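upload.cif follows; it contains mmCIF, C-alpha atoms.
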```cif
data_run
#
loop_
_atom_site.label_atom_id
_atom_site.label_comp_id
_atom_site.auth_asym_id
_atom_site.auth_seq_id
_atom_site.Cartn_x
_atom_site.Cartn_y
_atom_site.Cartn_z
CA MET A 250 -15.63 -43.16 43.79
CA ALA A 251 -17.17 -46.54 44.62
CA LYS A 252 -14.93 -49.19 46.14
CA ILE A 253 -13.86 -51.83 43.61
CA ASN A 254 -15.19 -55.32 44.23
CA ARG A 255 -11.92 -57.24 43.93
CA ARG A 256 -13.48 -60.64 43.25
CA LYS A 257 -15.74 -59.36 40.44
CA ALA A 258 -12.93 -57.33 38.95
CA LEU A 259 -10.68 -60.41 38.80
CA ILE A 260 -13.47 -62.46 37.21
CA ALA A 261 -14.03 -59.73 34.64
CA LEU A 262 -10.33 -59.62 33.83
CA ALA A 263 -10.14 -63.40 33.54
CA THR A 264 -13.03 -63.51 31.08
CA GLY A 265 -11.60 -60.70 28.99
CA LEU A 266 -14.47 -58.40 29.86
CA VAL A 267 -12.27 -55.48 30.86
CA SER A 268 -8.65 -54.48 30.72
CA LEU A 269 -6.58 -53.10 33.61
CA ASN A 270 -7.19 -49.54 32.49
CA SER A 271 -10.88 -50.06 31.72
CA ARG A 272 -13.30 -47.43 32.92
CA PHE A 273 -15.70 -50.19 34.01
CA LEU A 274 -13.52 -51.34 36.93
CA TRP A 275 -15.18 -48.88 39.26
CA ALA A 276 -18.49 -50.72 38.97
CA GLU A 277 -19.39 -53.14 41.73
CA SER A 278 -22.31 -54.67 39.86
CA GLY A 279 -24.49 -54.59 36.79
CA PHE A 280 -26.70 -52.19 38.71
CA ASP A 281 -23.91 -49.59 38.72
CA LEU A 282 -23.38 -50.08 35.00
CA GLY A 283 -27.12 -49.81 34.43
CA LEU A 284 -27.30 -46.50 36.25
CA LYS A 285 -24.41 -45.15 34.19
CA GLY A 286 -25.96 -46.45 30.97
CA GLN A 287 -29.30 -44.91 31.88
CA GLU A 288 -27.61 -41.57 32.50
CA LEU A 289 -25.86 -41.72 29.11
CA LEU A 290 -29.17 -42.61 27.44
CA ALA A 291 -30.79 -39.52 28.93
CA GLN A 292 -27.90 -37.43 27.60
CA GLY A 293 -28.30 -38.87 24.11
CA LYS A 294 -24.86 -40.53 24.22
CA TYR A 295 -26.09 -43.79 22.74
CA ASP A 296 -22.75 -45.27 21.64
CA GLN A 297 -21.30 -44.89 25.12
CA ALA A 298 -24.50 -46.20 26.69
CA ILE A 299 -24.38 -49.30 24.50
CA GLU A 300 -20.75 -49.95 25.45
CA ILE A 301 -21.54 -49.66 29.16
CA LEU A 302 -24.71 -51.75 28.97
CA GLN A 303 -23.03 -54.47 26.93
CA ALA A 304 -20.54 -54.80 29.75
CA GLY A 305 -23.44 -54.93 32.18
CA VAL A 306 -25.25 -57.82 30.48
CA LYS A 307 -21.99 -59.75 30.21
CA LEU A 308 -21.56 -59.30 33.94
CA GLU A 309 -25.19 -60.12 34.73
CA PRO A 310 -26.77 -61.93 31.76
CA ASP A 311 -30.03 -62.57 33.66
CA ASN A 312 -30.63 -58.92 34.49
CA GLU A 313 -33.78 -57.99 32.52
CA TRP A 314 -33.43 -54.30 33.42
CA LEU A 315 -30.02 -54.10 31.73
CA TRP A 316 -31.31 -55.87 28.62
CA GLY A 317 -34.24 -53.43 28.47
CA LEU A 318 -31.91 -50.43 28.67
CA LEU A 319 -29.73 -51.95 25.97
CA GLY A 320 -32.79 -52.44 23.77
CA ARG A 321 -33.71 -48.78 24.22
CA ALA A 322 -30.18 -47.66 23.35
CA TYR A 323 -30.11 -49.75 20.18
CA PHE A 324 -33.58 -48.46 19.25
CA GLN A 325 -32.42 -44.86 19.55
CA LYS A 326 -29.45 -45.72 17.34
CA LYS A 327 -31.92 -47.25 14.85
CA GLU A 328 -30.14 -50.60 15.14
CA LEU A 329 -33.47 -52.38 15.06
CA ARG A 330 -32.26 -55.96 14.80
CA LYS A 331 -30.11 -55.63 17.92
CA SER A 332 -32.86 -53.74 19.71
CA LEU A 333 -35.34 -56.50 18.88
CA ASP A 334 -32.94 -59.17 20.17
CA SER A 335 -32.45 -57.24 23.42
CA PHE A 336 -36.16 -56.81 24.09
CA ARG A 337 -36.78 -60.47 23.26
CA GLN A 338 -34.16 -61.38 25.83
CA VAL A 339 -36.11 -59.34 28.39
CA LEU A 340 -39.23 -61.36 27.57
CA ARG A 341 -37.33 -64.63 27.95
CA LEU A 342 -36.40 -63.52 31.44
CA ASN A 343 -39.75 -61.91 32.26
CA PRO A 344 -42.68 -62.73 29.93
CA GLU A 345 -44.86 -60.25 31.86
CA ASP A 346 -42.81 -57.18 30.85
CA THR A 347 -45.44 -55.21 28.92
CA TYR A 348 -43.09 -52.44 27.73
CA SER A 349 -40.71 -54.91 26.09
CA ARG A 350 -43.65 -56.78 24.58
CA MET A 351 -44.92 -53.52 23.09
CA MET A 352 -41.46 -52.66 21.73
CA VAL A 353 -41.13 -56.11 20.14
CA ASP A 354 -44.48 -55.49 18.44
CA ILE A 355 -43.47 -52.04 17.22
CA ILE A 356 -40.04 -53.10 15.94
CA SER A 357 -41.38 -56.29 14.34
CA GLN A 358 -43.75 -54.21 12.25
CA LYS A 359 -41.05 -51.79 11.15
CA PRO A 360 -39.10 -52.75 8.02
CA LEU A 361 -35.74 -53.98 9.27
CA PRO A 362 -32.69 -52.58 7.49
CA PRO A 363 -31.67 -54.77 4.56
CA LYS A 364 -28.26 -56.31 4.28
CA ILE A 365 -25.88 -53.85 2.69
CA GLU A 366 -24.63 -55.01 -0.67
CA PRO A 367 -22.16 -53.28 -2.99
CA ILE A 368 -23.91 -50.89 -5.37
CA LYS A 369 -23.23 -51.70 -8.99
CA PRO A 370 -23.19 -48.83 -11.50
CA LEU A 371 -26.25 -48.72 -13.75
CA THR A 372 -25.90 -49.65 -17.38
CA PRO A 373 -27.21 -47.18 -20.02
CA LEU A 374 -30.17 -49.51 -20.63
CA GLU A 375 -31.05 -49.59 -16.92
CA LYS A 376 -30.84 -45.79 -16.69
CA LYS A 377 -33.24 -45.44 -19.62
CA ALA A 378 -35.66 -47.93 -18.04
CA LEU A 379 -35.63 -45.98 -14.77
CA GLU A 380 -36.34 -42.71 -16.57
CA GLU A 381 -39.31 -44.27 -18.38
CA GLU A 382 -40.60 -45.72 -15.11
CA LYS A 383 -40.38 -42.31 -13.43
CA GLN A 384 -42.34 -40.70 -16.27
CA ILE A 385 -45.10 -43.30 -15.94
CA LEU A 386 -45.28 -42.91 -12.15
CA ASP A 387 -45.40 -39.12 -12.43
CA ARG A 388 -48.27 -39.37 -14.88
CA LEU A 389 -50.17 -41.80 -12.65
CA GLN A 390 -49.66 -39.54 -9.66
CA VAL A 391 -51.20 -36.61 -11.53
CA GLU A 392 -54.16 -38.76 -12.54
CA ASN A 393 -54.72 -39.87 -8.95
CA THR A 394 -54.51 -36.49 -7.27
CA LEU A 395 -58.30 -36.26 -7.01
CA GLY A 396 -58.43 -39.27 -4.69
CA TYR A 397 -56.93 -40.17 -1.33
CA ARG A 398 -54.56 -43.10 -1.75
CA ILE A 399 -54.75 -45.68 1.02
CA GLN A 400 -51.66 -47.87 1.14
CA ARG A 401 -50.83 -48.10 4.85
CA VAL A 402 -53.46 -48.81 7.51
CA VAL A 403 -53.06 -48.96 11.29
CA LEU A 404 -55.62 -51.10 13.13
CA ASP A 405 -56.04 -50.25 16.80
CA PRO A 406 -57.60 -52.83 19.16
CA GLY A 407 -59.08 -50.63 21.87
CA HIS A 408 -58.20 -51.14 25.54
CA GLY A 409 -55.96 -54.02 26.69
CA GLY A 410 -54.07 -55.26 29.73
CA PHE A 411 -55.54 -53.95 32.97
CA ASP A 412 -57.98 -51.85 30.91
CA SER A 413 -60.64 -54.40 29.97
CA GLY A 414 -63.00 -51.88 28.40
CA ALA A 415 -66.69 -52.72 28.68
CA VAL A 416 -67.73 -56.10 30.09
CA GLY A 417 -70.92 -57.96 29.21
CA LEU A 418 -73.32 -59.70 31.57
CA LYS A 419 -71.78 -63.07 30.66
CA GLY A 420 -68.27 -61.77 31.30
CA LEU A 421 -67.22 -61.11 27.70
CA GLN A 422 -64.51 -58.43 27.73
CA GLU A 423 -64.32 -55.71 25.11
CA LYS A 424 -60.51 -55.82 24.94
CA GLU A 425 -60.60 -59.47 23.85
CA VAL A 426 -63.24 -58.86 21.18
CA ASN A 427 -61.34 -55.87 19.79
CA LEU A 428 -58.04 -57.74 19.52
CA ASP A 429 -59.60 -60.78 17.89
CA LEU A 430 -61.45 -58.63 15.34
CA VAL A 431 -58.27 -56.74 14.46
CA LYS A 432 -56.38 -59.97 13.86
CA ARG A 433 -59.19 -61.38 11.72
CA THR A 434 -59.52 -58.13 9.75
CA SER A 435 -55.78 -58.07 9.10
CA GLN A 436 -55.76 -61.64 7.81
CA ILE A 437 -58.64 -60.92 5.45
CA LEU A 438 -57.04 -57.69 4.22
CA ALA A 439 -53.86 -59.62 3.41
CA GLN A 440 -55.91 -61.93 1.20
CA MET A 441 -57.97 -59.19 -0.44
CA ASP A 442 -55.20 -56.69 -1.17
CA LYS A 443 -51.58 -57.82 -1.04
CA ASP A 444 -50.35 -54.27 -1.70
CA LEU A 445 -51.99 -52.89 1.42
CA LYS A 446 -49.64 -52.66 4.40
CA VAL A 447 -51.31 -53.23 7.76
CA PHE A 448 -49.87 -52.35 11.17
CA PHE A 449 -51.16 -52.68 14.74
CA THR A 450 -50.97 -50.70 17.96
CA ARG A 451 -50.90 -53.98 19.89
CA THR A 452 -51.02 -57.68 19.00
CA GLU A 453 -51.42 -59.12 22.48
CA ASP A 454 -53.22 -58.37 25.73
CA TYR A 455 -51.28 -55.47 27.22
CA PHE A 456 -52.04 -51.84 27.95
CA VAL A 457 -51.15 -49.13 25.43
CA PRO A 458 -51.69 -45.46 26.37
CA LEU A 459 -54.12 -43.55 24.15
CA SER A 460 -51.43 -41.09 23.10
CA ALA A 461 -49.13 -43.93 22.02
CA ARG A 462 -51.75 -45.35 19.67
CA THR A 463 -51.93 -42.40 17.28
CA THR A 464 -48.21 -41.79 17.76
CA THR A 465 -47.70 -45.29 16.38
CA ALA A 466 -49.93 -44.51 13.41
CA ASN A 467 -48.01 -41.30 12.75
CA GLN A 468 -44.68 -43.12 12.96
CA TYR A 469 -45.86 -45.64 10.38
CA SER A 470 -46.97 -42.76 8.10
CA ALA A 471 -50.36 -44.41 7.87
CA ASP A 472 -53.03 -43.28 5.42
CA LEU A 473 -55.85 -44.52 7.64
CA PHE A 474 -56.27 -45.19 11.37
CA VAL A 475 -59.12 -47.45 12.51
CA SER A 476 -59.78 -47.90 16.23
CA PHE A 477 -61.87 -50.98 17.11
CA HIS A 478 -64.31 -50.78 20.01
CA VAL A 479 -67.53 -52.30 21.31
CA ASN A 480 -70.21 -50.07 22.78
CA ALA A 481 -71.89 -50.33 26.18
CA ASN A 482 -74.67 -48.63 28.09
CA GLU A 483 -76.12 -48.86 31.58
CA ASN A 484 -79.43 -49.50 29.85
CA ARG A 485 -79.35 -53.02 28.39
CA LYS A 486 -81.70 -52.20 25.51
CA PRO A 487 -79.52 -50.08 23.15
CA ARG A 488 -78.08 -52.06 20.27
CA GLY A 489 -76.47 -51.57 16.88
CA MET A 490 -73.28 -50.26 15.34
CA GLU A 491 -72.00 -46.76 14.72
CA THR A 492 -68.89 -45.07 13.39
CA TYR A 493 -67.22 -42.00 14.85
CA PHE A 494 -64.76 -39.42 13.65
CA CYS A 495 -63.04 -36.67 15.59
CA SER A 496 -64.46 -33.20 16.15
CA GLU A 497 -63.96 -30.49 18.74
CA ARG A 498 -67.57 -30.76 19.90
CA ALA A 499 -69.74 -33.85 20.13
CA SER A 500 -72.52 -34.18 17.57
CA SER A 501 -74.95 -35.37 20.25
CA LYS A 502 -75.25 -36.15 23.96
CA GLU A 503 -74.86 -39.84 23.18
CA ALA A 504 -71.67 -39.15 21.20
CA ALA A 505 -70.33 -37.14 24.14
CA ARG A 506 -71.13 -40.05 26.48
CA VAL A 507 -69.28 -42.55 24.28
CA ALA A 508 -66.24 -40.26 24.00
CA GLU A 509 -66.23 -39.73 27.76
CA PHE A 510 -66.15 -43.49 28.33
CA GLU A 511 -63.41 -44.12 25.76
CA ASN A 512 -61.35 -41.22 27.15
CA SER A 513 -61.79 -42.34 30.77
CA VAL A 514 -58.60 -44.43 30.68
CA LEU A 515 -56.66 -41.15 30.61
CA LYS A 516 -57.14 -41.03 34.38
CA LEU A 517 -54.88 -44.07 34.63
CA GLU A 518 -52.16 -42.61 32.43
CA LYS A 519 -49.37 -40.29 33.46
CA ASN A 520 -49.98 -36.66 32.58
CA GLU A 521 -47.32 -35.06 30.45
CA LEU A 522 -45.48 -32.26 32.21
CA ILE A 523 -45.07 -29.16 30.07
CA GLN A 524 -42.54 -26.58 31.13
CA LYS A 525 -43.81 -23.07 31.66
CA GLY A 526 -43.17 -20.89 28.65
CA TYR A 527 -42.53 -23.88 26.37
CA VAL A 528 -43.88 -23.42 22.85
CA ASN A 529 -44.39 -26.51 20.70
CA ILE A 530 -44.21 -25.26 17.10
CA GLU A 531 -45.20 -28.64 15.65
CA GLU A 532 -48.31 -28.68 17.83
CA ILE A 533 -49.30 -25.21 16.61
CA LEU A 534 -48.86 -26.26 12.99
CA PHE A 535 -50.90 -29.38 13.61
CA LEU A 536 -53.80 -27.27 14.85
CA PHE A 537 -54.09 -25.92 11.31
CA GLU A 538 -53.70 -29.34 9.68
CA ARG A 539 -56.06 -31.37 11.83
CA LYS A 540 -59.24 -29.83 10.38
CA ARG A 541 -58.37 -31.41 7.04
CA TYR A 542 -57.73 -34.80 8.67
CA TRP A 543 -60.95 -34.63 10.69
CA GLU A 544 -63.03 -33.69 7.65
CA ALA A 545 -61.52 -36.59 5.70
CA GLY A 546 -62.23 -38.80 8.71
CA GLY A 547 -65.89 -37.81 8.47
CA GLU A 548 -66.00 -38.87 4.83
CA VAL A 549 -64.29 -42.17 5.63
CA ALA A 550 -66.71 -42.79 8.51
CA SER A 551 -69.71 -42.24 6.23
CA LEU A 552 -68.38 -44.54 3.52
CA ILE A 553 -67.54 -47.33 5.97
CA GLN A 554 -70.80 -47.06 7.92
CA ASN A 555 -72.81 -47.20 4.68
CA ASN A 556 -70.86 -50.26 3.65
CA LEU A 557 -71.28 -52.00 6.99
CA LYS A 558 -75.02 -51.39 7.28
CA ASN A 559 -75.58 -53.34 4.05
CA ARG A 560 -73.49 -56.29 5.20
CA LEU A 561 -74.30 -56.83 8.87
CA PRO A 562 -77.44 -57.81 10.80
CA LEU A 563 -76.95 -54.94 13.23
CA LYS A 564 -79.03 -51.83 13.68
CA ASN A 565 -77.54 -48.87 11.83
CA ARG A 566 -76.94 -46.11 14.38
CA GLY A 567 -75.25 -43.86 11.83
CA VAL A 568 -72.17 -41.65 11.88
CA HIS A 569 -71.32 -39.34 14.76
CA SER A 570 -68.43 -37.21 15.95
CA ALA A 571 -66.87 -36.32 19.27
CA ASN A 572 -63.55 -35.36 20.80
CA PHE A 573 -61.92 -38.79 21.06
CA TYR A 574 -58.41 -38.51 22.47
CA VAL A 575 -57.28 -41.57 20.54
CA LEU A 576 -58.21 -39.85 17.25
CA ARG A 577 -57.40 -36.20 17.79
CA ARG A 578 -53.63 -36.39 17.24
CA ALA A 579 -53.69 -38.64 14.17
CA LYS A 580 -52.10 -37.07 11.11
CA MET A 581 -54.35 -38.95 8.74
CA PRO A 582 -58.09 -39.70 8.43
CA SER A 583 -59.07 -41.66 11.52
CA ILE A 584 -62.26 -43.32 12.69
CA LEU A 585 -63.52 -45.24 15.69
CA LEU A 586 -65.84 -48.22 15.20
CA GLU A 587 -68.40 -49.19 17.85
CA MET A 588 -69.37 -52.69 16.72
CA GLY A 589 -72.49 -53.51 18.68
CA PHE A 590 -73.36 -53.26 22.36
CA ILE A 591 -71.68 -55.73 24.68
CA SER A 592 -74.15 -54.57 27.34
CA ASN A 593 -77.03 -55.90 25.23
CA PRO A 594 -77.46 -59.64 26.03
CA GLU A 595 -78.32 -60.55 22.43
CA GLU A 596 -75.40 -58.66 20.93
CA GLU A 597 -72.99 -59.94 23.58
CA LYS A 598 -74.00 -63.43 22.50
CA LEU A 599 -73.35 -62.51 18.85
CA LEU A 600 -69.96 -60.94 19.64
CA ALA A 601 -68.88 -64.13 21.40
CA GLN A 602 -69.51 -66.22 18.27
CA SER A 603 -66.60 -66.97 15.94
CA ASP A 604 -68.82 -66.97 12.83
CA PHE A 605 -70.21 -63.54 13.61
CA ARG A 606 -66.75 -62.14 14.31
CA HIS A 607 -65.58 -63.45 10.96
CA LYS A 608 -68.52 -61.79 9.23
CA LEU A 609 -67.83 -58.56 11.07
CA ALA A 610 -64.11 -58.63 10.20
CA LEU A 611 -64.90 -59.46 6.57
CA SER A 612 -67.28 -56.50 6.36
CA ILE A 613 -64.72 -54.12 7.86
CA ALA A 614 -61.93 -55.39 5.59
CA SER A 615 -64.16 -55.07 2.53
CA SER A 616 -65.06 -51.54 3.56
CA ILE A 617 -61.39 -50.57 3.90
CA VAL A 618 -60.53 -52.03 0.51
CA SER A 619 -63.48 -50.22 -1.06
CA LEU A 620 -62.04 -46.92 0.18
CA LYS A 621 -59.16 -47.34 -2.27
CA LYS A 622 -61.67 -47.09 -5.09
CA SER A 623 -63.47 -44.08 -3.65
CA ARG A 624 -62.65 -40.41 -4.04
CA ILE A 625 -62.17 -39.12 -0.52
#
```
Render the structure in this file as C-alpha cells.
Amino acid sequence: MAKINRRKALIALATGLVSLNSRFLWAESGFDLGLKGQELLAQGKYDQAIEILQAGVKLEPDNEWLWGLLGRAYFQKKELRKSLDSFRQVLRLNPEDTYSRMMVDIISQKPLPPKIEPIKPLTPLEKKALEEEKQILDRLQVENTLGYRIQRVVLDPGHGGFDSGAVGLKGLQEKEVNLDLVKRTSQILAQMDKDLKVFFTRTEDYFVPLSARTTTANQYSADLFVSFHVNANENRKPRGMETYFCSERASSKEAARVAEFENSVLKLEKNELIQKGYVNIEEILFLFERKRYWEAGGEVASLIQNNLKNRLPLKNRGVHSANFYVLRRAKMPSILLEMGFISNPEEEKLLAQSDFRHKLALSIASSIVSLKKSRI
C-alpha cells in the first residue's frame, strides 16, 4: 500500500473532498487516482471510475489526462453532456489534444439526451390521432420500398493532421481542400434540404484513422457515406474528376493505383491485434451483407458522376471501383470522390479558388439531394 501524503490528505479533508474512512486516502496524487480510474475503465466499472476520476480532477484540476479519462468514462456511460464538458476541459488545457478534439466533434454531432419531463397520459383524441398517423406512415413506407431513402449522410474529408494527402506544386494540400469542400457542401445541403441530417468524420485539421471513418458512419446509422479526395499523379498531365465505389478487385490499373495511395496511410496506423482462435460473428455476417452495399455504392457513384459531369468544367474520367479501406466496412452505400488532380498545375490553381470550390460543393450537394428522388 502506498504511503499516505499527510499534507495532501489534510488538504483533501479540509476541502471536504474525502472523509476519514474514504478509500481515496491511499492516493498520493492525481496520477494514482488516474491509474486506478483507468483500471476500472478497462474493467467496465464506469460508475466507480467516474467517482475516482472526479476525485482526481478536484485534486488536480489542471491535469488534462484525468479530464480525458473522465470524458471517456462518461462517454461509456452515455452521459454525453458530461463527457462533452470533460473533453472540452482537456482542450482548454491543451488545444493540441487531437483525441479530445475528435471526441468533441463526435459527441457534438450526436443528439444529446433531452431533458426528462413527466409523461402525461394521452387523451382519447390524441390516441386516435397517433393511430391515424401510424396508418399513413405505414402506407408511405410501403409505397417507398422500391427506392433507397437517404436521410442521414456522413461526409468524410480525406486525410488530416500529419497526413496531408497529396500536395500540389504550389504547396496546396489535399487535406485542406477536402475539409473546406465538406464544410461548403454541408452548408449548401442545409439550405437545399432541411430534413437531411449531415454528419462529419472530422471538422478540423486532425488525423482520423481510416477504420474510424466508416465506424463513425455506421454509428450514425448513415444512409450514405461520401469520402472527399483530390487526385494526384507523378505525371503532371492527368486531369479530371472520377468517382469510386468499393470492390474486391480494382476495375483497372489506375483504380488500383489510386486505392493504393489512399490506403497508404494504414502504414502509419496501429494494426489491430486479433487473438488466435477468435471468431468475429458480426464480421462473418457482414461479409454476406457488404455485396449489397457495394452494389448500391456502384449505382450511387454512377448517378453522382453523371450529375457532376454536366455541372463542372472538369474532364469526366468516369466511375471506377477498387478495394478502398475507407469504404469497405461501411454498412451503407459509400463512394469516394476524386475531385480533380492537385498534381496538375491548372487544376491545382482551380482548386485553390473559392469560387470554384463553391461551384464544386454546390454540384456535389445537388447530386446528393437528387439521389433522394432516384430509385437506387
In Å to one decimal, how far is CA of Glu453 (chain A) from CA of Val402 (chain A)?
->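 Distance reported for this atom pair: 18.3 Å.
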Near Ser496 (chain A), within 9 Å and counting all atoms listed in the file, which residues show up once chain neighbours fewer than 3 positions away are dropped, as a ChimeraX atom specification?
-> /A:499-500,540,543-544,570-573,577
Once you have the residues from the selection above, write them out as a PDB file, in the frame of the given file, restricted to C-alpha atoms.
```pdb
ATOM      1  CA  ALA A 499     -69.740 -33.850  20.130  1.00  0.00           C
ATOM      2  CA  SER A 500     -72.520 -34.180  17.570  1.00  0.00           C
ATOM      3  CA  LYS A 540     -59.240 -29.830  10.380  1.00  0.00           C
ATOM      4  CA  TRP A 543     -60.950 -34.630  10.690  1.00  0.00           C
ATOM      5  CA  GLU A 544     -63.030 -33.690   7.650  1.00  0.00           C
ATOM      6  CA  SER A 570     -68.430 -37.210  15.950  1.00  0.00           C
ATOM      7  CA  ALA A 571     -66.870 -36.320  19.270  1.00  0.00           C
ATOM      8  CA  ASN A 572     -63.550 -35.360  20.800  1.00  0.00           C
ATOM      9  CA  PHE A 573     -61.920 -38.790  21.060  1.00  0.00           C
ATOM     10  CA  ARG A 577     -57.400 -36.200  17.790  1.00  0.00           C
TER      11      ARG A 577
END
```
Go through A:Pro310, A:Gly589, A:Gly410, A:Gly320 one by one, measure the shortest atom-to-atom distance of each to Leu557 (chain A) using only C-alpha atoms, and give the residue with the smallest value.
-> A:Gly589
Residue with the minimum atom-to-atom distance to Ala505 (chain A), picked from A:Gly293, A:Ser551, A:Gln325, A:Tyr493 with all atoms listed in the file counted, is A:Tyr493
Give the answer as one residue: which of A:Leu342, A:Leu428, A:Leu576, A:Ile301 has the shortest atom-to-atom distance to Tyr455 (chain A), using all atoms listed in the file?
->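 The answer is A:Leu428, which sits nearest to Tyr455 (chain A).
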Give me the residues within 9 Å of Ile613 (chain A) as a list in words, counting only C-alpha atoms and dropping any in the same chain fewer than 4 places off.
-> Thr434, Ile553, Asn556, Leu557, Lys608, Leu609, Ile617 and Val618 of chain A
Centre and edges of the region 548-554 of chain A box, axis-aligned, 4 Å extra per side, as JSON:
```
{"center_x": -67.5, "center_y": -43.1, "center_z": 6.0, "size_x": 14.5, "size_y": 16.5, "size_z": 13.0}
```
Using the chain letters and numbers from the file, give me the residues hit by the PyMOL selection byres ((chain A and resi 408) around 9), as a ChimeraX atom specification.
-> /A:406-407,409-414,423-425,427-428,454-459,478,511,514
Is it possible to add N, CA and C atoms to region 295-313 of chain A and hand it back as a CSV table (one decimal), in the coordinates of the input?
```csv
chain,number,residue,atom,x,y,z
A,295,TYR,N,-25.6,-42.4,22.9
A,295,TYR,CA,-26.1,-43.8,22.7
A,295,TYR,C,-24.9,-44.8,22.5
A,296,ASP,N,-23.9,-44.4,21.8
A,296,ASP,CA,-22.8,-45.3,21.6
A,296,ASP,C,-22.1,-45.6,23.0
A,297,GLN,N,-21.9,-44.6,23.8
A,297,GLN,CA,-21.3,-44.9,25.1
A,297,GLN,C,-22.2,-45.7,26.0
A,298,ALA,N,-23.5,-45.4,25.9
A,298,ALA,CA,-24.5,-46.2,26.7
A,298,ALA,C,-24.5,-47.7,26.3
A,299,ILE,N,-24.4,-47.9,25.0
A,299,ILE,CA,-24.4,-49.3,24.5
A,299,ILE,C,-23.1,-50.0,25.0
A,300,GLU,N,-22.0,-49.3,25.0
A,300,GLU,CA,-20.8,-50.0,25.4
A,300,GLU,C,-20.9,-50.3,26.9
A,301,ILE,N,-21.4,-49.4,27.7
A,301,ILE,CA,-21.5,-49.7,29.2
A,301,ILE,C,-22.5,-50.8,29.4
A,302,LEU,N,-23.7,-50.8,28.7
A,302,LEU,CA,-24.7,-51.8,29.0
A,302,LEU,C,-24.3,-53.1,28.5
A,303,GLN,N,-23.5,-53.2,27.4
A,303,GLN,CA,-23.0,-54.5,26.9
A,303,GLN,C,-22.2,-55.1,28.0
A,304,ALA,N,-21.4,-54.3,28.6
A,304,ALA,CA,-20.5,-54.8,29.8
A,304,ALA,C,-21.4,-55.3,30.9
A,305,GLY,N,-22.5,-54.6,31.1
A,305,GLY,CA,-23.4,-54.9,32.2
A,305,GLY,C,-24.1,-56.3,32.0
A,306,VAL,N,-24.6,-56.5,30.7
A,306,VAL,CA,-25.2,-57.8,30.5
A,306,VAL,C,-24.3,-59.0,30.4
A,307,LYS,N,-23.0,-58.7,30.1
A,307,LYS,CA,-22.0,-59.8,30.2
A,307,LYS,C,-21.7,-60.1,31.7
A,308,LEU,N,-21.8,-59.1,32.5
A,308,LEU,CA,-21.6,-59.3,33.9
A,308,LEU,C,-22.8,-60.0,34.6
A,309,GLU,N,-24.0,-59.6,34.2
A,309,GLU,CA,-25.2,-60.1,34.7
A,309,GLU,C,-26.2,-60.5,33.6
A,310,PRO,N,-26.0,-61.6,32.9
A,310,PRO,CA,-26.8,-61.9,31.8
A,310,PRO,C,-28.2,-62.2,32.0
A,311,ASP,N,-28.6,-62.3,33.3
A,311,ASP,CA,-30.0,-62.6,33.7
A,311,ASP,C,-30.7,-61.3,34.2
A,312,ASN,N,-30.1,-60.2,34.0
A,312,ASN,CA,-30.6,-58.9,34.5
A,312,ASN,C,-31.5,-58.3,33.4
A,313,GLU,N,-32.8,-58.5,33.5
A,313,GLU,CA,-33.8,-58.0,32.5
A,313,GLU,C,-33.8,-56.5,32.4
```
